[in-house]
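What follows is the content of query_15.cif (mmCIF, C-alpha atoms).
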data_work
loop_
_atom_site.group_PDB
_atom_site.id
_atom_site.type_symbol
_atom_site.label_atom_id
_atom_site.label_comp_id
_atom_site.auth_asym_id
_atom_site.auth_seq_id
_atom_site.Cartn_x
_atom_site.Cartn_y
_atom_site.Cartn_z
ATOM 1 C CA MET A 1 -25.067 27.126 -3.616
ATOM 2 C CA ARG A 2 -26.149 26.506 -0.052
ATOM 3 C CA VAL A 3 -27.295 22.943 -0.751
ATOM 4 C CA LEU A 4 -23.922 22.022 -2.254
ATOM 5 C CA TYR A 5 -22.058 23.519 0.706
ATOM 6 C CA LEU A 6 -24.365 21.606 3.041
ATOM 7 C CA MET A 7 -23.513 18.368 1.223
ATOM 8 C CA LEU A 8 -19.824 19.245 1.552
ATOM 9 C CA LEU A 9 -20.084 19.849 5.301
ATOM 10 C CA PRO A 10 -19.866 16.169 6.492
ATOM 11 C CA GLY A 11 -16.667 15.608 4.493
ATOM 12 C CA VAL A 12 -15.087 18.794 5.811
ATOM 13 C CA ALA A 13 -16.131 17.911 9.364
ATOM 14 C CA TYR A 14 -14.557 14.460 8.981
ATOM 15 C CA TYR A 15 -11.186 15.893 7.993
ATOM 16 C CA ILE A 16 -11.262 18.551 10.715
ATOM 17 C CA ILE A 17 -12.167 16.103 13.496
ATOM 18 C CA TYR A 18 -10.093 13.090 12.461
ATOM 19 C CA LYS A 19 -7.182 14.672 10.556
ATOM 20 C CA TYR A 20 -6.498 18.192 11.820
ATOM 21 C CA VAL A 21 -7.528 18.100 15.494
ATOM 22 C CA PRO A 22 -5.345 15.008 16.247
ATOM 23 C CA MET A 23 -2.295 16.953 14.997
ATOM 24 C CA TYR A 24 -2.161 18.387 18.512
ATOM 25 C CA GLY A 25 -0.909 14.945 19.566
ATOM 26 C CA VAL A 26 2.302 15.489 17.573
ATOM 27 C CA LEU A 27 3.620 17.167 20.727
ATOM 28 C CA ILE A 28 3.987 13.702 22.236
ATOM 29 C CA ALA A 29 6.971 13.099 19.924
ATOM 30 C CA PHE A 30 8.865 15.883 21.715
ATOM 31 C CA LYS A 31 7.876 14.925 25.275
ATOM 32 C CA ASP A 32 8.474 12.078 27.707
ATOM 33 C CA TYR A 33 4.801 11.302 27.557
ATOM 34 C CA ASP A 34 3.106 9.882 30.609
ATOM 35 C CA ILE A 35 -0.430 8.633 30.077
ATOM 36 C CA LEU A 36 -1.495 9.713 33.585
ATOM 37 C CA SER A 37 -0.099 13.232 33.263
ATOM 38 C CA GLY A 38 -1.480 13.843 29.804
ATOM 39 C CA ILE A 39 0.062 15.729 26.917
ATOM 40 C CA VAL A 40 0.171 19.153 28.571
ATOM 41 C CA HIS A 41 1.703 18.126 31.899
ATOM 42 C CA SER A 42 4.167 15.544 30.588
ATOM 43 C CA PRO A 43 7.776 16.824 30.704
ATOM 44 C CA TRP A 44 9.582 17.854 27.531
ATOM 45 C CA ALA A 45 12.169 15.444 26.202
ATOM 46 C CA ASP A 46 15.797 16.379 26.782
ATOM 47 C CA PRO A 47 17.048 16.895 24.155
ATOM 48 C CA TRP A 48 13.914 17.569 22.131
ATOM 49 C CA TYR A 49 14.966 15.063 19.436
ATOM 50 C CA LYS A 50 15.575 12.304 21.991
ATOM 51 C CA HIS A 51 13.021 9.833 20.561
ATOM 52 C CA PHE A 52 13.998 10.504 16.947
ATOM 53 C CA GLN A 53 17.626 9.871 17.910
ATOM 54 C CA PHE A 54 16.695 6.586 19.577
ATOM 55 C CA PHE A 55 15.011 5.416 16.393
ATOM 56 C CA PHE A 56 17.802 6.585 14.071
ATOM 57 C CA GLU A 57 20.514 5.022 16.235
ATOM 58 C CA SER A 58 18.679 1.730 16.584
ATOM 59 C CA PRO A 59 20.760 -1.162 15.172
ATOM 60 C CA TYR A 60 17.689 -2.158 13.172
ATOM 61 C CA PHE A 61 17.112 1.242 11.521
ATOM 62 C CA SER A 62 18.758 0.509 8.145
ATOM 63 C CA GLN A 63 17.175 -2.950 7.990
ATOM 64 C CA LEU A 64 13.714 -1.587 8.831
ATOM 65 C CA LEU A 65 13.982 1.202 6.262
ATOM 66 C CA THR A 66 15.237 -1.173 3.569
ATOM 67 C CA ASN A 67 12.515 -3.752 4.221
ATOM 68 C CA THR A 68 9.793 -1.102 4.263
ATOM 69 C CA PHE A 69 10.866 0.521 1.004
ATOM 70 C CA LEU A 70 11.441 -2.773 -0.822
ATOM 71 C CA ILE A 71 8.133 -4.367 0.186
ATOM 72 C CA SER A 72 6.261 -1.158 -0.647
ATOM 73 C CA LEU A 73 8.052 -0.883 -4.011
ATOM 74 C CA TYR A 74 7.323 -4.512 -4.908
ATOM 75 C CA LYS A 75 3.658 -4.095 -4.001
ATOM 76 C CA THR A 76 3.397 -0.907 -6.051
ATOM 77 C CA ILE A 77 4.984 -2.423 -9.172
ATOM 78 C CA TRP A 78 3.344 -5.844 -9.049
ATOM 79 C CA GLY A 79 0.058 -4.362 -7.898
ATOM 80 C CA THR A 80 -0.145 -1.892 -10.792
ATOM 81 C CA ILE A 81 0.834 -3.958 -13.834
ATOM 82 C CA PRO A 82 -1.503 -6.963 -13.216
ATOM 83 C CA ALA A 83 -4.400 -4.612 -12.385
ATOM 84 C CA ILE A 84 -3.939 -2.838 -15.721
ATOM 85 C CA GLY A 85 -3.729 -6.240 -17.434
ATOM 86 C CA VAL A 86 -7.006 -7.441 -15.887
ATOM 87 C CA ALA A 87 -8.700 -4.151 -16.809
ATOM 88 C CA LEU A 88 -7.511 -4.554 -20.408
ATOM 89 C CA LEU A 89 -8.789 -8.139 -20.583
ATOM 90 C CA ILE A 90 -12.215 -7.121 -19.293
ATOM 91 C CA HIS A 91 -12.326 -4.041 -21.523
ATOM 92 C CA GLU A 92 -11.404 -6.030 -24.630
ATOM 93 C CA GLY A 93 -13.647 -8.988 -23.820
ATOM 94 C CA ARG A 94 -16.534 -9.539 -26.207
ATOM 95 C CA SER A 95 -18.746 -11.570 -23.864
ATOM 96 C CA LEU A 96 -20.527 -9.215 -21.474
ATOM 97 C CA TRP A 97 -21.662 -11.945 -19.057
ATOM 98 C CA LEU A 98 -18.141 -13.423 -18.897
ATOM 99 C CA ASN A 99 -16.651 -9.980 -18.240
ATOM 100 C CA ARG A 100 -19.039 -9.466 -15.323
ATOM 101 C CA ILE A 101 -18.209 -12.861 -13.827
ATOM 102 C CA VAL A 102 -14.451 -12.283 -14.130
ATOM 103 C CA GLN A 103 -14.716 -8.794 -12.665
ATOM 104 C CA THR A 104 -16.819 -9.982 -9.726
ATOM 105 C CA LEU A 105 -14.546 -12.924 -8.929
ATOM 106 C CA SER A 106 -11.400 -10.799 -9.221
ATOM 107 C CA TYR A 107 -12.462 -8.119 -6.738
ATOM 108 C CA MET A 108 -14.164 -10.383 -4.187
ATOM 109 C CA PRO A 109 -10.883 -11.159 -2.316
ATOM 110 C CA HIS A 110 -10.600 -7.437 -1.532
ATOM 111 C CA PHE A 111 -13.287 -7.872 1.124
ATOM 112 C CA LEU A 112 -11.442 -10.687 2.914
ATOM 113 C CA SER A 113 -9.408 -9.869 6.019
ATOM 114 C CA TYR A 114 -5.723 -10.733 6.134
ATOM 115 C CA VAL A 115 -6.495 -13.328 8.800
ATOM 116 C CA ILE A 116 -8.457 -15.266 6.182
ATOM 117 C CA ILE A 117 -5.771 -14.571 3.546
ATOM 118 C CA TYR A 118 -3.175 -15.984 5.947
ATOM 119 C CA GLY A 119 -5.278 -19.106 6.470
ATOM 120 C CA ILE A 120 -5.545 -19.599 2.694
ATOM 121 C CA ALA A 121 -1.781 -19.086 2.320
ATOM 122 C CA ILE A 122 -1.098 -21.705 5.005
ATOM 123 C CA ALA A 123 -3.471 -24.158 3.305
ATOM 124 C CA PHE A 124 -1.546 -23.835 0.041
ATOM 125 C CA LEU A 125 2.029 -23.051 1.123
ATOM 126 C CA SER A 126 2.607 -24.763 4.476
ATOM 127 C CA GLU A 127 5.786 -26.832 4.368
ATOM 128 C CA THR A 128 4.189 -29.813 6.078
ATOM 129 C CA SER A 129 0.542 -29.806 4.983
ATOM 130 C CA GLY A 130 0.276 -27.225 2.191
ATOM 131 C CA LEU A 131 -1.277 -28.312 -1.093
ATOM 132 C CA VAL A 132 1.629 -26.985 -3.182
ATOM 133 C CA ASN A 133 4.219 -28.815 -1.092
ATOM 134 C CA ARG A 134 2.211 -32.004 -1.271
ATOM 135 C CA TRP A 135 2.455 -31.826 -5.052
ATOM 136 C CA VAL A 136 6.182 -31.127 -4.815
ATOM 137 C CA VAL A 137 6.780 -34.082 -2.481
ATOM 138 C CA GLU A 138 4.639 -36.430 -4.572
ATOM 139 C CA ALA A 139 6.678 -35.364 -7.609
ATOM 140 C CA GLY A 140 9.846 -36.478 -5.787
ATOM 141 C CA GLY A 141 11.049 -33.130 -4.473
ATOM 142 C CA ASN A 142 11.520 -31.678 -0.997
ATOM 143 C CA GLY A 143 9.076 -29.402 0.801
ATOM 144 C CA ILE A 144 9.670 -25.679 0.255
ATOM 145 C CA PRO A 145 9.482 -23.429 3.376
ATOM 146 C CA PHE A 146 7.495 -20.629 1.739
ATOM 147 C CA MET A 147 6.275 -19.169 5.054
ATOM 148 C CA THR A 148 9.498 -19.486 7.058
ATOM 149 C CA SER A 149 12.258 -18.855 4.511
ATOM 150 C CA THR A 150 13.802 -15.420 3.944
ATOM 151 C CA ALA A 151 14.200 -16.356 0.266
ATOM 152 C CA TYR A 152 10.455 -16.768 -0.335
ATOM 153 C CA PHE A 153 8.587 -14.756 2.281
ATOM 154 C CA ARG A 154 8.630 -11.373 0.521
ATOM 155 C CA SER A 155 7.264 -13.058 -2.591
ATOM 156 C CA VAL A 156 4.466 -14.563 -0.488
ATOM 157 C CA LEU A 157 3.650 -11.132 0.966
ATOM 158 C CA VAL A 158 3.569 -9.437 -2.419
ATOM 159 C CA GLY A 159 1.743 -12.313 -4.121
ATOM 160 C CA THR A 160 -1.070 -12.482 -1.563
ATOM 161 C CA ASP A 161 -1.427 -8.685 -1.573
ATOM 162 C CA VAL A 162 -1.643 -8.605 -5.382
ATOM 163 C CA TRP A 163 -4.213 -11.413 -5.401
ATOM 164 C CA LYS A 164 -6.294 -9.669 -2.757
ATOM 165 C CA ASP A 165 -6.472 -6.263 -4.476
ATOM 166 C CA LEU A 166 -6.096 -7.245 -8.141
ATOM 167 C CA GLY A 167 -9.707 -6.804 -9.175
ATOM 168 C CA TRP A 168 -10.310 -3.834 -6.897
ATOM 169 C CA GLY A 169 -7.407 -1.936 -8.456
ATOM 170 C CA ALA A 170 -8.608 -2.830 -11.945
ATOM 171 C CA ILE A 171 -11.928 -1.029 -11.364
ATOM 172 C CA ILE A 172 -10.289 2.415 -11.561
ATOM 173 C CA TYR A 173 -8.415 1.587 -14.762
ATOM 174 C CA LEU A 174 -11.542 0.033 -16.261
ATOM 175 C CA ALA A 175 -13.503 3.204 -15.523
ATOM 176 C CA ALA A 176 -10.783 5.280 -17.192
ATOM 177 C CA MET A 177 -10.855 3.010 -20.265
ATOM 178 C CA SER A 178 -14.620 3.330 -20.588
ATOM 179 C CA SER A 179 -14.264 7.122 -20.841
ATOM 180 C CA ILE A 180 -11.954 6.975 -23.897
ATOM 181 C CA ASP A 181 -13.593 8.397 -27.023
ATOM 182 C CA ALA A 182 -14.838 5.491 -29.168
ATOM 183 C CA THR A 183 -14.040 7.420 -32.354
ATOM 184 C CA LEU A 184 -10.333 6.975 -31.607
ATOM 185 C CA TYR A 185 -10.763 3.207 -31.844
ATOM 186 C CA GLU A 186 -12.732 3.576 -35.066
ATOM 187 C CA ALA A 187 -10.033 5.786 -36.590
ATOM 188 C CA ALA A 188 -7.317 3.317 -35.561
ATOM 189 C CA ARG A 189 -9.319 0.417 -37.016
ATOM 190 C CA ILE A 190 -9.772 2.272 -40.311
ATOM 191 C CA ASP A 191 -6.014 2.919 -40.412
ATOM 192 C CA GLY A 192 -5.467 -0.837 -40.192
ATOM 193 C CA ALA A 193 -4.507 -1.113 -36.515
ATOM 194 C CA GLY A 194 -5.113 -4.520 -34.985
ATOM 195 C CA ARG A 195 -6.292 -5.182 -31.444
ATOM 196 C CA LEU A 196 -2.822 -5.001 -29.892
ATOM 197 C CA ARG A 197 -2.012 -1.815 -31.812
ATOM 198 C CA ARG A 198 -5.225 -0.211 -30.593
ATOM 199 C CA ILE A 199 -4.383 -1.150 -27.007
ATOM 200 C CA TRP A 200 -0.858 0.248 -27.318
ATOM 201 C CA HIS A 201 -1.682 3.465 -29.188
ATOM 202 C CA VAL A 202 -5.181 4.288 -27.897
ATOM 203 C CA THR A 203 -6.073 2.539 -24.642
ATOM 204 C CA LEU A 204 -2.812 2.879 -22.714
ATOM 205 C CA PRO A 205 -2.221 6.542 -23.675
ATOM 206 C CA GLY A 206 -5.851 7.208 -22.754
ATOM 207 C CA ILE A 207 -5.365 6.017 -19.184
ATOM 208 C CA ARG A 208 -1.796 7.335 -18.781
ATOM 209 C CA SER A 209 -2.853 10.247 -16.569
ATOM 210 C CA VAL A 210 -4.786 7.895 -14.260
ATOM 211 C CA ILE A 211 -1.801 5.545 -13.973
ATOM 212 C CA ILE A 212 0.531 8.443 -13.105
ATOM 213 C CA LEU A 213 -1.963 9.900 -10.625
ATOM 214 C CA LEU A 214 -2.313 6.611 -8.739
ATOM 215 C CA LEU A 215 1.462 6.091 -8.715
ATOM 216 C CA VAL A 216 1.975 9.585 -7.255
ATOM 217 C CA LEU A 217 -0.526 8.808 -4.495
ATOM 218 C CA LYS A 218 1.158 5.465 -3.771
ATOM 219 C CA VAL A 219 4.592 7.071 -3.567
ATOM 220 C CA GLY A 220 3.291 9.291 -0.765
ATOM 221 C CA SER A 221 2.611 6.160 1.313
ATOM 222 C CA ALA A 222 5.901 4.431 0.460
ATOM 223 C CA LEU A 223 6.633 3.844 4.159
ATOM 224 C CA ASP A 224 3.291 2.083 4.662
ATOM 225 C CA ALA A 225 4.186 -1.421 3.553
ATOM 226 C CA GLY A 226 1.102 -3.055 5.065
ATOM 227 C CA PHE A 227 1.283 -3.444 8.846
ATOM 228 C CA GLU A 228 -1.805 -5.635 9.197
ATOM 229 C CA GLN A 229 -0.711 -8.180 6.601
ATOM 230 C CA ILE A 230 2.896 -8.442 7.798
ATOM 231 C CA TYR A 231 2.016 -8.538 11.504
ATOM 232 C CA ILE A 232 -0.355 -11.452 10.899
ATOM 233 C CA MET A 233 1.881 -13.413 8.510
ATOM 234 C CA TYR A 234 5.470 -12.918 9.688
ATOM 235 C CA ASN A 235 7.417 -14.953 12.242
ATOM 236 C CA ILE A 236 10.823 -14.949 13.933
ATOM 237 C CA GLN A 237 12.491 -16.811 11.045
ATOM 238 C CA VAL A 238 11.645 -14.159 8.441
ATOM 239 C CA MET A 239 12.112 -10.988 10.507
ATOM 240 C CA PRO A 240 15.356 -10.017 8.706
ATOM 241 C CA VAL A 241 13.394 -9.527 5.458
ATOM 242 C CA ALA A 242 9.866 -8.825 6.766
ATOM 243 C CA ASP A 243 10.264 -6.577 9.805
ATOM 244 C CA ILE A 244 9.151 -3.078 8.778
ATOM 245 C CA ILE A 245 8.961 0.245 10.605
ATOM 246 C CA ASP A 246 5.335 -0.230 11.698
ATOM 247 C CA THR A 247 5.856 -3.709 13.175
ATOM 248 C CA TRP A 248 8.995 -2.528 15.021
ATOM 249 C CA VAL A 249 7.117 0.473 16.427
ATOM 250 C CA PHE A 250 4.294 -1.804 17.553
ATOM 251 C CA ARG A 251 6.696 -4.093 19.421
ATOM 252 C CA VAL A 252 9.094 -1.511 20.838
ATOM 253 C CA GLY A 253 6.771 1.459 21.134
ATOM 254 C CA LEU A 254 3.184 0.439 21.792
ATOM 255 C CA GLU A 255 3.699 -2.895 23.569
ATOM 256 C CA GLN A 256 6.108 -1.153 25.971
ATOM 257 C CA LEU A 257 3.776 1.901 26.200
ATOM 258 C CA ASN A 258 6.448 4.155 24.707
ATOM 259 C CA PHE A 259 3.955 6.446 22.980
ATOM 260 C CA SER A 260 6.552 9.183 22.449
ATOM 261 C CA LEU A 261 8.691 6.864 20.315
ATOM 262 C CA ALA A 262 5.671 5.666 18.325
ATOM 263 C CA THR A 263 4.596 9.265 17.658
ATOM 264 C CA ALA A 264 8.120 10.313 16.672
ATOM 265 C CA VAL A 265 8.385 7.508 14.125
ATOM 266 C CA GLY A 266 4.909 8.312 12.805
ATOM 267 C CA LEU A 267 5.944 11.958 12.351
ATOM 268 C CA PHE A 268 9.114 10.838 10.573
ATOM 269 C CA LYS A 269 7.062 8.672 8.197
ATOM 270 C CA SER A 270 4.677 11.538 7.464
ATOM 271 C CA PHE A 271 7.553 13.906 6.691
ATOM 272 C CA ILE A 272 9.202 11.408 4.315
ATOM 273 C CA GLY A 273 5.839 10.753 2.638
ATOM 274 C CA LEU A 274 5.285 14.504 2.176
ATOM 275 C CA VAL A 275 8.721 14.934 0.567
ATOM 276 C CA LEU A 276 8.200 11.923 -1.722
ATOM 277 C CA ILE A 277 4.791 13.047 -2.921
ATOM 278 C CA PHE A 278 6.142 16.536 -3.727
ATOM 279 C CA LEU A 279 9.055 15.031 -5.677
ATOM 280 C CA SER A 280 6.885 12.510 -7.517
ATOM 281 C CA ASN A 281 4.321 15.196 -8.366
ATOM 282 C CA LYS A 282 7.096 17.401 -9.775
ATOM 283 C CA LEU A 283 8.317 14.475 -11.864
ATOM 284 C CA ALA A 284 4.768 13.635 -12.997
ATOM 285 C CA ARG A 285 4.319 17.117 -14.476
ATOM 286 C CA ARG A 286 6.431 16.012 -17.441
ATOM 287 C CA TRP A 287 3.657 13.577 -18.436
ATOM 288 C CA GLY A 288 0.731 15.755 -17.417
ATOM 289 C CA GLY A 289 -0.310 13.586 -14.489
ATOM 290 C CA ASN A 290 0.481 15.925 -11.603
ATOM 291 C CA LEU A 291 -1.911 16.539 -8.740
ATOM 292 C CA TRP A 292 -1.404 20.309 -8.625
#

Structure translated into structure tokens:
Amino acid sequence: MRVLYLMLLPGVAYYIIYKYVPMYGVLIAFKDYDILSGIVHSPWADPWYKHFQFFFESPYFSQLLTNTFLISLYKTIWGTIPAIGVALLIHEGRSLWLNRIVQTLSYMPHFLSYVIIYGIAIAFLSETSGLVNRWVVEAGGNGIPFMTSTAYFRSVLVGTDVWKDLGWGAIIYLAAMSSIDATLYEAARIDGAGRLRRIWHVTLPGIRSVIILLLVLKVGSALDAGFEQIYIMYNIQVMPVADIIDTWVFRVGLEQLNFSLATAVGLFKSFIGLVLIFLSNKLARRWGGNLW
């Protein structure tokens, strides 16, 4: 199977070069890293957990952890259910040309950067010039501070993220639905099952393993709440509900060239992600959707 191993070689090389070799840099988390001295010659931190302790004892630690988990949880829940719904609508649609149009339009926003998404959000939700607030004011109400209010900002984050990746996430579920044995639908139809019954008893059980698999993978990145999106969209007014671990590390660690702190927090996130994915995989075994 030399040809197959040769085809596998680029993928293996990618993981070795970009995933395993950089693990040497984890040492920075346990040193007072100096960029001029390098990793080897930089002095060891005293005590060795100095940078972890700084992060854990930060007055913002509980707030950062709470915001990160909540935003990630909201994105996981609201990103999964609508994607399954769109996949079901396309799968059950009778018009092939309409299905293609809907599918294309739904996954096009995936290719937009969050800078463009932020511009669209401002155009619709700005308190002074946003289209939605213009309608509200013309209807006799007061402008709603969607982008600067702690009561609305998380909803804006989750809503724009769901809109951006709705169609892209539906592709996987749609592929899983297309692999379901058609005879199951025929048997259900003969037994008198209507369209909704067939969806509930055939389609959803048929993609259950895919749903569980994707949820397990998402749980492993529970501390990645979307740095790029939040860094572009947040402001000082909404920091209490929008400031996550990654944005704090960027401000306190990287902007101040404290690479040891940034590495320590990154190692902490990786450890928590590893524990969560093991726990979620163990739980997923009950439904047959485990990874290993």

Specify the axis-aligned box that encloses all atoms of range 7-20 of chain A listed in the file after padding of 6 Å on each side, stating its centre and edge lengths in Å to one decimal as lines of an AutoDock Vina configuration file.
center_x = -15.0
center_y = 16.5
center_z = 7.4
size_x = 29.0
size_y = 18.8
size_z = 24.3

Among the residues A:Leu4, A:Ala29, A:Val238, A:Val12, the one that comes closest to Ala151 in chain A [using all atoms listed in the file]: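 Of the candidates, the smallest distance to Ala151 in chain A is held by A:Val238.
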
Picked residues, the PyMOL selection byres ((chain A and resi 223-229) around 6), expected as a list in words: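 Evaluating the PyMOL selection byres ((chain A and resi 223-229) around 6) on this file yields Thr68, Ile71, Ser72, Tyr114, Ser221, Ala222, Ile230, Tyr231, Ile232 and Asp246 of chain A.
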
Pick out the residues sitting within 9 Å of Val158 in chain A, and hand them over as a PDB file with C-alpha atoms, in the coordinates of the input; count only C-alpha atoms, and ignore anything fewer than 2 positions along from it in its own chain.
ATOM      1  CA  ILE A  71       8.133  -4.367   0.186  1.00  0.00           C
ATOM      2  CA  SER A  72       6.261  -1.158  -0.647  1.00  0.00           C
ATOM      3  CA  TYR A  74       7.323  -4.512  -4.908  1.00  0.00           C
ATOM      4  CA  LYS A  75       3.658  -4.095  -4.001  1.00  0.00           C
ATOM      5  CA  TRP A  78       3.344  -5.844  -9.049  1.00  0.00           C
ATOM      6  CA  GLY A  79       0.058  -4.362  -7.898  1.00  0.00           C
ATOM      7  CA  PHE A 153       8.587 -14.756   2.281  1.00  0.00           C
ATOM      8  CA  ARG A 154       8.630 -11.373   0.521  1.00  0.00           C
ATOM      9  CA  SER A 155       7.264 -13.058  -2.591  1.00  0.00           C
ATOM     10  CA  VAL A 156       4.466 -14.563  -0.488  1.00  0.00           C
ATOM     11  CA  THR A 160      -1.070 -12.482  -1.563  1.00  0.00           C
ATOM     12  CA  ASP A 161      -1.427  -8.685  -1.573  1.00  0.00           C
ATOM     13  CA  VAL A 162      -1.643  -8.605  -5.382  1.00  0.00           C
ATOM     14  CA  TRP A 163      -4.213 -11.413  -5.401  1.00  0.00           C
TER      15      TRP A 163
END

Surrounding residues of Pro240 in chain A excluding itself and chain neighbours under 3 positions, 8 Å, only C-alpha atoms, as a ChimeraX atom specification: /A:63,150,237,243

Selection near range 93-104 of chain A, 12 Å with all atoms listed in the file, sequence-local residues under 2 positions removed, as a PyMOL selection string: chain A and resi 83+86-91+106-111+165-171+174+195

Atomic separation - CA of Leu105 in chain A relative to CA of Arg197 in chain A, Å: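 Computing it gives 28.4 Å between the two atoms.
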
Best match for closeness to Asn235 in chain A among A:Leu6, A:Met147, A:Val26, A:Ile16, counting all atoms listed in the file: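 Smallest separation from Asn235 in chain A among the options: A:Met147.
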
Pick from A:Ala262, A:Ile144, A:Ile236, A:Ala193 nearest to Tyr33 in chain A, counting all atoms listed in the file: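 Nearest to Tyr33 in chain A: A:Ala262.
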
For the point (6.9, 15.9, -3.7) in the file's frame, write as a compact mmCIF listing (two decimals) with C-alpha atoms, keeping the file's coordinate frame all residues with an atom no more than 12 Å away, counting only C-alpha atoms.
# COMPACT_ATOMS: atom_id res chain seq x y z
CA VAL A 216 1.98 9.59 -7.26
CA LEU A 217 -0.53 8.81 -4.50
CA LYS A 218 1.16 5.46 -3.77
CA VAL A 219 4.59 7.07 -3.57
CA GLY A 220 3.29 9.29 -0.76
CA SER A 221 2.61 6.16 1.31
CA PHE A 271 7.55 13.91 6.69
CA ILE A 272 9.20 11.41 4.32
CA GLY A 273 5.84 10.75 2.64
CA LEU A 274 5.28 14.50 2.18
CA VAL A 275 8.72 14.93 0.57
CA LEU A 276 8.20 11.92 -1.72
CA ILE A 277 4.79 13.05 -2.92
CA PHE A 278 6.14 16.54 -3.73
CA LEU A 279 9.06 15.03 -5.68
CA SER A 280 6.88 12.51 -7.52
CA ASN A 281 4.32 15.20 -8.37
CA LYS A 282 7.10 17.40 -9.78
CA LEU A 283 8.32 14.48 -11.86
CA ALA A 284 4.77 13.64 -13.00
CA ARG A 285 4.32 17.12 -14.48
CA ASN A 290 0.48 15.92 -11.60
CA LEU A 291 -1.91 16.54 -8.74
CA TRP A 292 -1.40 20.31 -8.62

Answer key for the PyMOL selection byres ((chain A and resi 145) around 9), residues as a list in words: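 So the PyMOL selection byres ((chain A and resi 145) around 9) ends up selecting Leu125, Ser126, Glu127, Thr128, Asn133, Gly143, Ile144, Phe146, Met147, Thr148, Ser149, Tyr152 and Phe153 of chain A.
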
Distance in Å - CA of Trp135 in chain A versus CA of Met233 in chain A: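 Interatomic distance here is 22.9 Å.
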
Gap from CA of Tyr234 in chain A to CA of Ala264 in chain A - Å, one decimal: 24.4 Å

Residue members of the PyMOL selection byres ((chain A and resi 31) around 7) in the file shown, as a list in words: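 Taken over the shown coordinates, the PyMOL selection byres ((chain A and resi 31) around 7) returns Leu27, Ile28, Ala29, Phe30, Asp32, Tyr33, Ser42, Pro43, Trp44, Ala45 and Ser260 of chain A.
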
Non-local contacts of range 179-189 of chain A (12 Å; only C-alpha atoms; under 6 positions in same chain excluded) as a list in words: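 Near range 179-189 of chain A, the qualifying residues are His91, Glu92, Ile172, Tyr173, Arg195, Leu196, Arg197, Arg198, Ile199, Trp200, His201, Val202, Thr203, Leu204, Pro205, Gly206, Ile207, Arg208 and Val210 of chain A.
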
Residue nearest Lys50 in chain A - candidates A:Met239, A:Leu215, A:Leu261, A:Leu267, atoms counted: all atoms listed in the file: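 Checking each of A:Met239, A:Leu215, A:Leu261, A:Leu267 against Lys50 in chain A, counting all atoms listed in the file, the winner is A:Leu261.
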
Long-range neighbours of Phe61 in chain A as a ChimeraX atom specification, 12 Å cut-off, only C-alpha atoms, 6 positions minimum in chain: /A:52-55,67-68,240,243-246,248-249,265
